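coords-v5.json (JSON, C-alpha atoms) appears below.
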[["chain", "number", "residue", "atom", "x", "y", "z"],
["R", 1, "MET", "CA", 137.31, 101.22, 101.98],
["R", 2, "LYS", "CA", 135.25, 98.61, 100.15],
["R", 3, "ALA", "CA", 132.00, 99.71, 98.52],
["R", 4, "LYS", "CA", 129.99, 97.39, 100.77],
["R", 5, "HIS", "CA", 131.53, 98.89, 103.91],
["R", 6, "GLN", "CA", 130.77, 102.37, 102.61],
["R", 7, "ALA", "CA", 127.18, 101.30, 101.96],
["R", 8, "ILE", "CA", 126.83, 100.01, 105.53],
["R", 9, "LEU", "CA", 128.10, 103.30, 106.99],
["R", 10, "LEU", "CA", 125.78, 105.27, 104.69],
["R", 11, "MET", "CA", 122.81, 103.12, 105.69],
["R", 12, "ILE", "CA", 123.53, 103.73, 109.38],
["R", 13, "ALA", "CA", 123.90, 107.46, 108.66],
["R", 14, "SER", "CA", 120.53, 107.39, 106.91],
["R", 15, "ALA", "CA", 118.93, 105.66, 109.90],
["R", 16, "PHE", "CA", 120.36, 108.35, 112.19],
["R", 17, "CYS", "CA", 119.03, 111.13, 109.94],
["R", 18, "PHE", "CA", 115.51, 109.69, 109.92],
["R", 19, "ALA", "CA", 115.61, 109.26, 113.70],
["R", 20, "VAL", "CA", 116.62, 112.93, 114.01],
["R", 21, "MET", "CA", 113.78, 113.85, 111.65],
["R", 22, "ASN", "CA", 111.24, 112.14, 113.92],
["R", 23, "ALA", "CA", 112.73, 113.83, 116.96],
["R", 24, "CYS", "CA", 112.50, 117.25, 115.28],
["R", 25, "VAL", "CA", 108.87, 116.55, 114.36],
["R", 26, "ARG", "CA", 108.14, 115.76, 117.99],
["R", 27, "LEU", "CA", 110.02, 118.85, 119.22],
["R", 28, "ALA", "CA", 107.95, 121.02, 116.87],
["R", 29, "GLY", "CA", 105.16, 120.60, 119.37],
["R", 30, "ASP", "CA", 101.39, 120.59, 119.02],
["R", 31, "LEU", "CA", 100.99, 121.26, 115.31],
["R", 32, "PRO", "CA", 98.79, 119.31, 112.87],
["R", 33, "SER", "CA", 100.52, 116.40, 111.12],
["R", 34, "VAL", "CA", 99.50, 117.92, 107.77],
["R", 35, "GLU", "CA", 101.31, 121.16, 108.58],
["R", 36, "LYS", "CA", 104.43, 119.27, 109.67],
["R", 37, "SER", "CA", 104.34, 117.17, 106.51],
["R", 38, "PHE", "CA", 104.11, 120.26, 104.29],
["R", 39, "PHE", "CA", 107.24, 121.90, 105.64],
["R", 40, "ARG", "CA", 109.15, 118.61, 105.71],
["R", 41, "ASN", "CA", 108.40, 118.00, 102.02],
["R", 42, "LEU", "CA", 108.90, 121.63, 101.03],
["R", 43, "VAL", "CA", 112.54, 121.47, 102.16],
["R", 44, "ALA", "CA", 113.05, 118.15, 100.36],
["R", 45, "PHE", "CA", 111.48, 119.58, 97.19],
["R", 46, "PHE", "CA", 113.82, 122.55, 96.98],
["R", 47, "ILE", "CA", 116.89, 120.46, 97.78],
["R", 48, "ALA", "CA", 115.98, 117.98, 95.02],
["R", 49, "LEU", "CA", 115.24, 120.87, 92.62],
["R", 50, "VAL", "CA", 118.57, 122.56, 93.33],
["R", 51, "LEU", "CA", 120.47, 119.32, 92.78],
["R", 52, "MET", "CA", 118.67, 118.64, 89.50],
["R", 53, "ILE", "CA", 119.45, 122.17, 88.28],
["R", 54, "LYS", "CA", 123.07, 121.86, 89.40],
["R", 55, "ASN", "CA", 123.47, 118.52, 87.60],
["R", 56, "ARG", "CA", 121.46, 119.78, 84.62],
["R", 57, "THR", "CA", 119.06, 116.88, 84.97],
["R", 58, "PRO", "CA", 115.74, 117.62, 83.25],
["R", 59, "PHE", "CA", 112.48, 116.56, 84.87],
["R", 60, "ARG", "CA", 110.88, 113.94, 82.66],
["R", 61, "VAL", "CA", 108.23, 111.31, 83.25],
["R", 62, "GLU", "CA", 108.72, 108.34, 80.95],
["R", 63, "PRO", "CA", 105.74, 107.27, 78.80],
["R", 64, "GLY", "CA", 103.26, 105.17, 80.73],
["R", 65, "ASN", "CA", 104.72, 106.08, 84.13],
["R", 66, "TRP", "CA", 102.30, 108.79, 85.25],
["R", 67, "GLY", "CA", 99.97, 106.34, 86.99],
["R", 68, "TRP", "CA", 102.82, 104.70, 88.89],
["R", 69, "MET", "CA", 104.23, 108.12, 89.82],
["R", 70, "LEU", "CA", 100.86, 109.17, 91.27],
["R", 71, "LEU", "CA", 100.54, 105.93, 93.22],
["R", 72, "ARG", "CA", 104.07, 106.33, 94.60],
["R", 73, "ALA", "CA", 103.41, 109.95, 95.58],
["R", 74, "GLY", "CA", 99.95, 109.25, 97.02],
["R", 75, "PHE", "CA", 100.94, 106.34, 99.23],
["R", 76, "GLY", "CA", 104.19, 108.08, 100.16],
["R", 77, "THR", "CA", 102.25, 111.13, 101.34],
["R", 78, "LEU", "CA", 99.84, 108.98, 103.35],
["R", 79, "GLY", "CA", 102.81, 107.17, 104.89],
["R", 80, "ILE", "CA", 104.41, 110.43, 106.04],
["R", 81, "LEU", "CA", 101.16, 111.78, 107.51],
["R", 82, "CYS", "CA", 100.56, 108.56, 109.44],
["R", 83, "ASN", "CA", 104.17, 108.40, 110.62],
["R", 84, "PHE", "CA", 104.11, 111.99, 111.88],
["R", 85, "TYR", "CA", 100.84, 111.36, 113.71],
["R", 86, "ALA", "CA", 102.36, 108.29, 115.34],
["R", 87, "VAL", "CA", 105.51, 110.22, 116.29],
["R", 88, "ASP", "CA", 103.36, 112.80, 118.08],
["R", 89, "HIS", "CA", 101.34, 110.22, 120.03],
["R", 90, "LEU", "CA", 103.70, 107.29, 120.65],
["R", 91, "LEU", "CA", 107.20, 106.69, 121.94],
["R", 92, "LEU", "CA", 109.75, 107.52, 119.24],
["R", 93, "GLY", "CA", 111.01, 103.93, 119.29],
["R", 94, "ASP", "CA", 107.48, 102.52, 118.85],
["R", 95, "ALA", "CA", 106.63, 104.91, 116.01],
["R", 96, "SER", "CA", 109.92, 104.16, 114.23],
["R", 97, "MET", "CA", 109.47, 100.40, 114.59],
["R", 98, "LEU", "CA", 105.94, 100.44, 113.19],
["R", 99, "ASN", "CA", 107.19, 102.48, 110.25],
["R", 100, "LYS", "CA", 109.91, 99.87, 109.71],
["R", 101, "MET", "CA", 107.22, 97.30, 108.92],
["R", 102, "SER", "CA", 107.34, 98.75, 105.40],
["R", 103, "PRO", "CA", 109.89, 96.22, 103.98],
["R", 104, "PHE", "CA", 107.62, 93.34, 104.94],
["R", 105, "PHE", "CA", 104.57, 94.99, 103.42],
["R", 106, "ALA", "CA", 106.66, 95.64, 100.31],
["R", 107, "VAL", "CA", 107.26, 91.89, 100.00],
["R", 108, "VAL", "CA", 103.51, 91.24, 99.98],
["R", 109, "CYS", "CA", 102.77, 94.15, 97.63],
["R", 110, "SER", "CA", 105.44, 92.93, 95.21],
["R", 111, "VAL", "CA", 103.44, 89.74, 94.69],
["R", 112, "PHE", "CA", 100.56, 91.72, 93.19],
["R", 113, "VAL", "CA", 102.40, 94.60, 91.50],
["R", 114, "LEU", "CA", 105.68, 93.06, 90.35],
["R", 115, "LYS", "CA", 104.33, 89.50, 90.00],
["R", 116, "GLU", "CA", 107.06, 88.20, 92.27],
["R", 117, "LYS", "CA", 106.48, 84.84, 93.92],
["R", 118, "LEU", "CA", 106.02, 84.80, 97.69],
["R", 119, "LYS", "CA", 108.08, 81.92, 98.99],
["R", 120, "LEU", "CA", 107.14, 80.04, 102.14],
["R", 121, "TRP", "CA", 110.01, 81.51, 104.18],
["R", 122, "GLN", "CA", 109.01, 85.04, 103.12],
["R", 123, "GLY", "CA", 105.43, 84.43, 104.19],
["R", 124, "ILE", "CA", 106.60, 83.10, 107.57],
["R", 125, "LEU", "CA", 108.83, 86.14, 108.14],
["R", 126, "VAL", "CA", 106.04, 88.56, 107.16],
["R", 127, "GLY", "CA", 103.70, 86.83, 109.59],
["R", 128, "THR", "CA", 106.37, 86.90, 112.31],
["R", 129, "ALA", "CA", 107.00, 90.61, 111.79],
["R", 130, "PHE", "CA", 103.26, 91.34, 111.93],
["R", 131, "ALA", "CA", 103.01, 89.39, 115.19],
["R", 132, "GLY", "CA", 105.86, 91.53, 116.53],
["R", 133, "SER", "CA", 103.99, 94.67, 115.52],
["R", 134, "LEU", "CA", 101.02, 93.53, 117.62],
["R", 135, "LEU", "CA", 103.31, 93.47, 120.66],
["R", 136, "VAL", "CA", 104.15, 97.12, 119.96],
["R", 137, "ILE", "CA", 100.56, 98.09, 119.15],
["R", 138, "LYS", "CA", 99.03, 96.21, 122.14],
["R", 139, "PRO", "CA", 95.54, 96.42, 120.57],
["R", 140, "ASP", "CA", 92.73, 97.29, 122.95],
["R", 141, "PHE", "CA", 89.47, 96.66, 121.16],
["R", 142, "THR", "CA", 87.41, 98.16, 123.98],
["R", 143, "SER", "CA", 88.81, 101.66, 123.50],
["R", 144, "LEU", "CA", 90.70, 103.84, 121.07],
["R", 145, "GLY", "CA", 93.92, 103.57, 123.07],
["R", 146, "SER", "CA", 95.69, 101.73, 120.26],
["R", 147, "LEU", "CA", 94.51, 104.08, 117.48],
["R", 148, "PRO", "CA", 97.85, 105.97, 117.16],
["R", 149, "ALA", "CA", 99.69, 102.64, 116.92],
["R", 150, "LEU", "CA", 97.29, 101.39, 114.24],
["R", 151, "ILE", "CA", 97.80, 104.64, 112.31],
["R", 152, "GLY", "CA", 101.55, 104.11, 112.66],
["R", 153, "LEU", "CA", 101.15, 100.61, 111.21],
["R", 154, "LEU", "CA", 99.08, 102.07, 108.35],
["R", 155, "GLY", "CA", 102.02, 104.40, 107.72],
["R", 156, "GLY", "CA", 104.32, 101.39, 107.43],
["R", 157, "LEU", "CA", 101.88, 99.74, 105.02],
["R", 158, "SER", "CA", 101.64, 102.89, 102.89],
["R", 159, "ALA", "CA", 105.44, 103.25, 102.82],
["R", 160, "GLY", "CA", 105.78, 99.61, 101.77],
["R", 161, "ILE", "CA", 103.41, 100.16, 98.85],
["R", 162, "ALA", "CA", 105.26, 103.38, 97.93],
["R", 163, "TYR", "CA", 108.62, 101.56, 97.89],
["R", 164, "THR", "CA", 107.11, 98.92, 95.61],
["R", 165, "MET", "CA", 106.02, 101.68, 93.25],
["R", 166, "VAL", "CA", 109.60, 103.01, 93.29],
["R", 167, "ARG", "CA", 110.89, 99.57, 92.26],
["R", 168, "LYS", "CA", 108.28, 99.42, 89.50],
["R", 169, "LEU", "CA", 109.28, 102.87, 88.24],
["R", 170, "GLY", "CA", 112.94, 101.86, 88.30],
["R", 171, "GLN", "CA", 112.13, 98.86, 86.14],
["R", 172, "ARG", "CA", 110.37, 101.20, 83.72],
["R", 173, "GLY", "CA", 113.40, 103.49, 83.37],
["R", 174, "GLN", "CA", 112.28, 106.38, 85.59],
["R", 175, "SER", "CA", 115.13, 108.40, 87.13],
["R", 176, "GLY", "CA", 115.41, 108.55, 90.91],
["R", 177, "ALA", "CA", 115.76, 112.36, 90.99],
["R", 178, "SER", "CA", 112.48, 112.86, 89.13],
["R", 179, "ILE", "CA", 110.70, 110.44, 91.48],
["R", 180, "VAL", "CA", 111.89, 112.37, 94.57],
["R", 181, "LEU", "CA", 111.01, 115.75, 93.05],
["R", 182, "PHE", "CA", 107.54, 114.65, 91.94],
["R", 183, "PHE", "CA", 106.78, 113.01, 95.28],
["R", 184, "SER", "CA", 107.87, 116.06, 97.30],
["R", 185, "GLY", "CA", 105.96, 118.48, 95.07],
["R", 186, "PHE", "CA", 102.85, 116.28, 95.07],
["R", 187, "SER", "CA", 102.89, 116.06, 98.87],
["R", 188, "CYS", "CA", 103.15, 119.84, 99.19],
["R", 189, "LEU", "CA", 100.24, 120.42, 96.79],
["R", 190, "VAL", "CA", 98.02, 117.85, 98.51],
["R", 191, "THR", "CA", 98.59, 119.29, 101.97],
["R", 192, "LEU", "CA", 98.48, 122.95, 100.88],
["R", 193, "PRO", "CA", 94.64, 123.33, 101.05],
["R", 194, "TRP", "CA", 94.59, 122.14, 104.69],
["R", 195, "LEU", "CA", 97.48, 124.47, 105.40],
["R", 196, "ILE", "CA", 95.60, 127.45, 103.95],
["R", 197, "PHE", "CA", 92.20, 126.84, 105.55],
["R", 198, "ASP", "CA", 93.30, 125.35, 108.86],
["R", 199, "PHE", "CA", 96.70, 126.91, 109.44],
["R", 200, "VAL", "CA", 97.94, 126.84, 113.02],
["R", 201, "PRO", "CA", 100.35, 129.73, 113.74],
["R", 202, "MET", "CA", 103.77, 128.55, 114.84],
["R", 203, "SER", "CA", 106.58, 130.13, 116.77],
["R", 204, "PHE", "CA", 110.03, 130.74, 115.32],
["R", 205, "SER", "CA", 111.41, 127.77, 117.24],
["R", 206, "GLN", "CA", 108.70, 125.48, 115.86],
["R", 207, "LEU", "CA", 109.51, 126.62, 112.33],
["R", 208, "CYS", "CA", 113.20, 125.89, 112.95],
["R", 209, "TRP", "CA", 112.39, 122.39, 114.19],
["R", 210, "LEU", "CA", 110.28, 121.69, 111.08],
["R", 211, "LEU", "CA", 113.03, 122.99, 108.80],
["R", 212, "GLY", "CA", 115.44, 120.79, 110.73],
["R", 213, "ALA", "CA", 113.12, 117.83, 110.11],
["R", 214, "GLY", "CA", 113.18, 118.60, 106.39],
["R", 215, "LEU", "CA", 116.97, 118.83, 106.31],
["R", 216, "ALA", "CA", 117.32, 115.58, 108.26],
["R", 217, "ALA", "CA", 114.83, 113.86, 105.93],
["R", 218, "ALA", "CA", 116.76, 115.06, 102.88],
["R", 219, "GLY", "CA", 119.99, 113.79, 104.44],
["R", 220, "GLY", "CA", 118.34, 110.43, 105.06],
["R", 221, "GLN", "CA", 117.09, 110.16, 101.50],
["R", 222, "PHE", "CA", 120.43, 111.04, 99.93],
["R", 223, "THR", "CA", 122.47, 108.71, 102.16],
["R", 224, "ILE", "CA", 120.12, 105.76, 101.70],
["R", 225, "THR", "CA", 120.18, 106.29, 97.94],
["R", 226, "ALA", "CA", 123.97, 106.40, 97.98],
["R", 227, "ALA", "CA", 124.02, 103.20, 100.03],
["R", 228, "TYR", "CA", 121.87, 101.32, 97.54],
["R", 229, "LEU", "CA", 124.07, 102.54, 94.69],
["R", 230, "ARG", "CA", 127.09, 100.89, 96.34],
["R", 231, "ALA", "CA", 125.63, 97.56, 97.38],
["R", 232, "PRO", "CA", 122.51, 95.43, 96.79],
["R", 233, "ALA", "CA", 119.61, 96.06, 99.15],
["R", 234, "ARG", "CA", 119.69, 92.47, 100.42],
["R", 235, "GLU", "CA", 123.22, 93.05, 101.75],
["R", 236, "VAL", "CA", 122.70, 96.32, 103.61],
["R", 237, "SER", "CA", 118.97, 96.89, 104.25],
["R", 238, "VAL", "CA", 119.09, 95.23, 107.68],
["R", 239, "TYR", "CA", 121.32, 98.06, 108.95],
["R", 240, "ASP", "CA", 118.40, 100.45, 108.47],
["R", 241, "TYR", "CA", 116.94, 98.96, 111.65],
["R", 242, "SER", "CA", 119.65, 100.78, 113.62],
["R", 243, "GLN", "CA", 117.14, 103.65, 113.46],
["R", 244, "ILE", "CA", 115.30, 101.97, 116.32],
["R", 245, "LEU", "CA", 118.37, 102.31, 118.54],
["R", 246, "PHE", "CA", 118.84, 105.96, 117.56],
["R", 247, "ALA", "CA", 115.13, 106.73, 118.01],
["R", 248, "SER", "CA", 114.97, 105.03, 121.41],
["R", 249, "GLY", "CA", 118.10, 106.88, 122.54],
["R", 250, "LEU", "CA", 116.78, 110.24, 121.40],
["R", 251, "GLY", "CA", 113.40, 109.48, 122.95],
["R", 252, "PHE", "CA", 115.07, 108.74, 126.29],
["R", 253, "PHE", "CA", 117.44, 111.72, 126.39],
["R", 254, "LEU", "CA", 115.05, 114.31, 124.90],
["R", 255, "PHE", "CA", 111.68, 113.19, 126.25],
["R", 256, "GLY", "CA", 112.44, 110.69, 129.03],
["R", 257, "GLN", "CA", 110.66, 107.91, 127.12],
["R", 258, "ILE", "CA", 111.25, 104.29, 128.15],
["R", 259, "PRO", "CA", 109.62, 101.50, 126.07],
["R", 260, "ASP", "CA", 107.73, 98.87, 128.08],
["R", 261, "LEU", "CA", 108.62, 95.17, 127.98],
["R", 262, "TRP", "CA", 105.95, 94.38, 125.37],
["R", 263, "SER", "CA", 107.36, 96.99, 123.00],
["R", 264, "VAL", "CA", 110.91, 95.73, 123.54],
["R", 265, "ALA", "CA", 109.70, 92.19, 122.79],
["R", 266, "GLY", "CA", 108.09, 93.50, 119.60],
["R", 267, "TYR", "CA", 111.36, 95.19, 118.62],
["R", 268, "VAL", "CA", 113.22, 91.90, 119.09],
["R", 269, "VAL", "CA", 110.70, 89.92, 117.02],
["R", 270, "ILE", "CA", 110.61, 92.40, 114.10],
["R", 271, "VAL", "CA", 114.38, 92.96, 114.00],
["R", 272, "GLY", "CA", 114.88, 89.20, 114.33],
["R", 273, "ALA", "CA", 112.68, 88.64, 111.28],
["R", 274, "ALA", "CA", 114.68, 91.27, 109.36],
["R", 275, "VAL", "CA", 117.98, 89.64, 110.34],
["R", 276, "ALA", "CA", 116.63, 86.24, 109.29],
["R", 277, "LEU", "CA", 115.69, 87.70, 105.90],
["R", 278, "PHE", "CA", 119.16, 89.23, 105.60],
["R", 279, "TRP", "CA", 120.85, 85.92, 106.50],
["R", 280, "TYR", "CA", 118.75, 83.96, 104.01],
["R", 281, "ASN", "CA", 119.45, 86.34, 101.13],
["R", 282, "ASN", "CA", 123.18, 86.66, 101.76],
["R", 283, "PHE", "CA", 124.27, 83.27, 103.05],
["R", 284, "TYR", "CA", 121.75, 80.46, 102.79],
["R", 285, "ARG", "CA", 120.31, 81.12, 99.34],
["R", 286, "PRO", "CA", 123.66, 81.73, 97.56],
["R", 287, "ARG", "CA", 125.09, 78.57, 99.12],
["R", 288, "ARG", "CA", 122.05, 76.54, 98.14],
["R", 289, "GLU", "CA", 122.04, 77.88, 94.58],
["R", 290, "LYS", "CA", 125.75, 77.08, 94.31],
["R", 291, "MET", "CA", 125.17, 73.50, 95.43],
["R", 292, "LEU", "CA", 122.30, 73.04, 92.99],
["R", 293, "SER", "CA", 124.40, 74.39, 90.13],
["R", 294, "ARG", "CA", 127.11, 71.78, 90.61],
["R", 295, "PRO", "CA", 127.04, 68.98, 88.04],
["R", 296, "SER", "CA", 125.85, 65.69, 89.50]]
Could you write out this structure as structure tokens?
Amino acid sequence: MKAKHQAILLMIASAFCFAVMNACVRLAGDLPSVEKSFFRNLVAFFIALVLMIKNRTPFRVEPGNWGWMLLRAGFGTLGILCNFYAVDHLLLGDASMLNKMSPFFAVVCSVFVLKEKLKLWQGILVGTAFAGSLLVIKPDFTSLGSLPALIGLLGGLSAGIAYTMVRKLGQRGQSGASIVLFFSGFSCLVTLPWLIFDFVPMSFSQLCWLLGAGLAAAGGQFTITAAYLRAPAREVSVYDYSQILFASGLGFFLFGQIPDLWSVAGYVVIVGAAVALFWYNNFYRPRREKMLSRPS
């Protein structure tokens, strides 16, 4: 099997794992988002630690990277908290779609952090995706009915900034394993005080669902990393949007959730913008650059 085909399958597997993670978070019941986040990251921390020990990979932060590591961990933690809150208060499909706004926010953030130029077509697609998110959010400025959706969108924004920090750290020679370990440990430490002073007792089944969420999240992280090692992000990232199908299916079968027409329209707009970005990067731009490189 070609490396690109393997990457596509791994990306779809990652999307399924993250959809299962959100479902497990929802099945854990009425627990604070902070408490759910702690156990999710605790599992990921120990899995990353065991793998680093097994591979004899030392934890090391390269000189000058501490600030970027803290930014990545901080925004990543905020993104998880917002996503879990949205999962508890929205349809699984809606929460997943708002979280998938992160690639578009990453494009904007890259302009300021990585000094990348925002081309006209990128700006149009970002604006289109944001318009699609409004269809999912359905803002109601006369009440707080849309607050969970806005928090879900904030989670997508935070995740987009965190992913930009990961790219910055990669450019500065930071290893992926150390980034994952630091992020997971940081998230556990930040949420630990709330866990100690405002702990909500949980049943054995709730604990199992949270551990399941952690295992699914770890599976998602490892498969998505493996996918990006086999093929460029521009060639396979669009397949990550299959999570919306998995999340909607799980939401229907587990919770009887059915997205309304406005949400479905928002899904179509956002996924359409992602597909357009994928098409441009993989077909239009290479063809155009090839034509421009020909001698006149």
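Residue nearest Pro63 of chain R within the list R:Ser263, R:Gln206, R:Thr223, R:Gln174: R:Gln174 [criterion: smallest interatomic distance, all atoms listed in the file].
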- Among listed residues R:Leu153, R:Leu169, R:Leu92, R:Ala86, nearest Phe255 of chain R (using all atoms listed in the file):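 Closest to Phe255 of chain R, using all atoms listed in the file: R:Leu92.
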- Task: Could you jot down the atom CA of Met52 of chain R to atom CA of Gly74 of chain R separation for me, Å, one decimal place?
- Result: 22.3 Å
Segment 9-126 of chain R residues near segment 192-200 of chain R within 9 Å, closest pair each, using all atoms listed in the file, as a tab-separated table:
residue	atom	partner	partner_atom	distance
R:Leu31	CA	R:Val200	CA	6.8
R:Pro32	CA	R:Val200	CA	7.6
R:Val34	CA	R:Trp194	CA	7.2
R:Glu35	CA	R:Leu195	CA	6.0
R:Phe38	CA	R:Leu192	CA	7.1
- Residue nearest Ser102 of chain R among R:Val25, R:Val50, R:Ala73, R:Ala162 (counting only C-alpha atoms):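 Of R:Val25, R:Val50, R:Ala73, R:Ala162, the one nearest Ser102 of chain R is R:Ala162, counting only C-alpha atoms.
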- Tell me, as a PyMOL selection string, which residues lie within 9 Å of Phe105 of chain R, counting all atoms listed in the file; anything in the same chain fewer than 6 positions away does not count. chain R and resi 126+156-161
Residue subset to file, keeping C-alpha atoms, as an mmCIF file, keeping the file's coordinate frame:
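File result-v9.cif, as written:
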data_model
loop_
_atom_site.group_PDB
_atom_site.id
_atom_site.type_symbol
_atom_site.label_atom_id
_atom_site.label_comp_id
_atom_site.auth_asym_id
_atom_site.auth_seq_id
_atom_site.Cartn_x
_atom_site.Cartn_y
_atom_site.Cartn_z
ATOM 1 C CA VAL R 126 106.040 88.560 107.160
ATOM 2 C CA GLY R 156 104.320 101.390 107.430
ATOM 3 C CA LEU R 157 101.880 99.740 105.020
ATOM 4 C CA SER R 158 101.640 102.890 102.890
ATOM 5 C CA ALA R 159 105.440 103.250 102.820
ATOM 6 C CA GLY R 160 105.780 99.610 101.770
ATOM 7 C CA ILE R 161 103.410 100.160 98.850
#
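By chain and then residue number, the residues within 9 Å of segment 212-216 of chain R are Ser14, Phe16, Cys17, Phe18, Ala19, Val20, Met21, Asn22, Ala23, Cys24, Val25, Lys36, Ser37, Phe39, Arg40, Asn41, Leu42, Val43, Ala44, Ile47, Leu207, Cys208, Trp209, Gly219, Gly220 and Gln221 of chain R, counting only C-alpha atoms and disregarding those fewer than 3 positions away in sequence.
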- Note on the structure: Across R:Gly251, R:Pro259, R:Gly185, R:Gly266, the smallest distance to Leu49 of chain R, with only C-alpha atoms counted, is shown by R:Gly185
Quick one: what's the axis-aligned box for segment 115-129 of chain R, all listed atoms, 3 Å on every side, centre and edges in Å to one decimal, as lines of an AutoDock Vina configuration file?
center_x = 106.9
center_y = 85.3
center_z = 101.2
size_x = 12.3
size_y = 16.6
size_z = 28.3
- Item | Among the residues R:Val268, R:Ala276, R:Ala13, R:Met97, the one that comes closest to Ala218 of chain R [using only C-alpha atoms] | R:Ala13
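Counting from atom CA of Leu10 of chain R, the distance to atom CA of Ala227 of chain R is 5.4 Å.
For the atom pair formed by atom CA of Gly132 of chain R and atom CA of Ile80 of chain R, the distance is 21.7 Å, given to one decimal.
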- Among listed residues R:Thr57, R:Ser184, R:Ser242, R:Ser33, nearest Asp88 of chain R (using all atoms listed in the file): R:Ser33
Taking 3 positions as the minimum chain separation for residues in the same chain, which residues sit within 8 Å of Ala177 of chain R when counting only C-alpha atoms? Answer as a PDB file with C-alpha atoms, in the coordinates of the input.
ATOM      1  CA  ALA R  48     115.980 117.980  95.020  1.00  0.00           C
ATOM      2  CA  MET R  52     118.670 118.640  89.500  1.00  0.00           C
ATOM      3  CA  VAL R 180     111.890 112.370  94.570  1.00  0.00           C
ATOM      4  CA  LEU R 181     111.010 115.750  93.050  1.00  0.00           C
TER       5      LEU R 181
END
Quick one: segment 22-35 of chain R from the block, C-alpha atoms, as a PDB file, in the first residue's frame.
ATOM      1  CA  ASN R  22     -16.316  13.001  22.498  1.00  0.00           C
ATOM      2  CA  ALA R  23     -18.954  10.298  22.850  1.00  0.00           C
ATOM      3  CA  CYS R  24     -17.222   8.901  25.954  1.00  0.00           C
ATOM      4  CA  VAL R  25     -17.045  12.403  27.430  1.00  0.00           C
ATOM      5  CA  ARG R  26     -20.776  12.778  26.902  1.00  0.00           C
ATOM      6  CA  LEU R  27     -21.498   9.320  28.347  1.00  0.00           C
ATOM      7  CA  ALA R  28     -19.513  10.227  31.471  1.00  0.00           C
ATOM      8  CA  GLY R  29     -22.525  12.273  32.458  1.00  0.00           C
ATOM      9  CA  ASP R  30     -22.904  15.407  34.547  1.00  0.00           C
ATOM     10  CA  LEU R  31     -19.322  16.032  35.611  1.00  0.00           C
ATOM     11  CA  PRO R  32     -17.416  19.344  35.381  1.00  0.00           C
ATOM     12  CA  SER R  33     -15.472  19.856  32.147  1.00  0.00           C
ATOM     13  CA  VAL R  34     -12.331  20.453  34.224  1.00  0.00           C
ATOM     14  CA  GLU R  35     -12.660  17.038  35.859  1.00  0.00           C
TER      15      GLU R  35
END
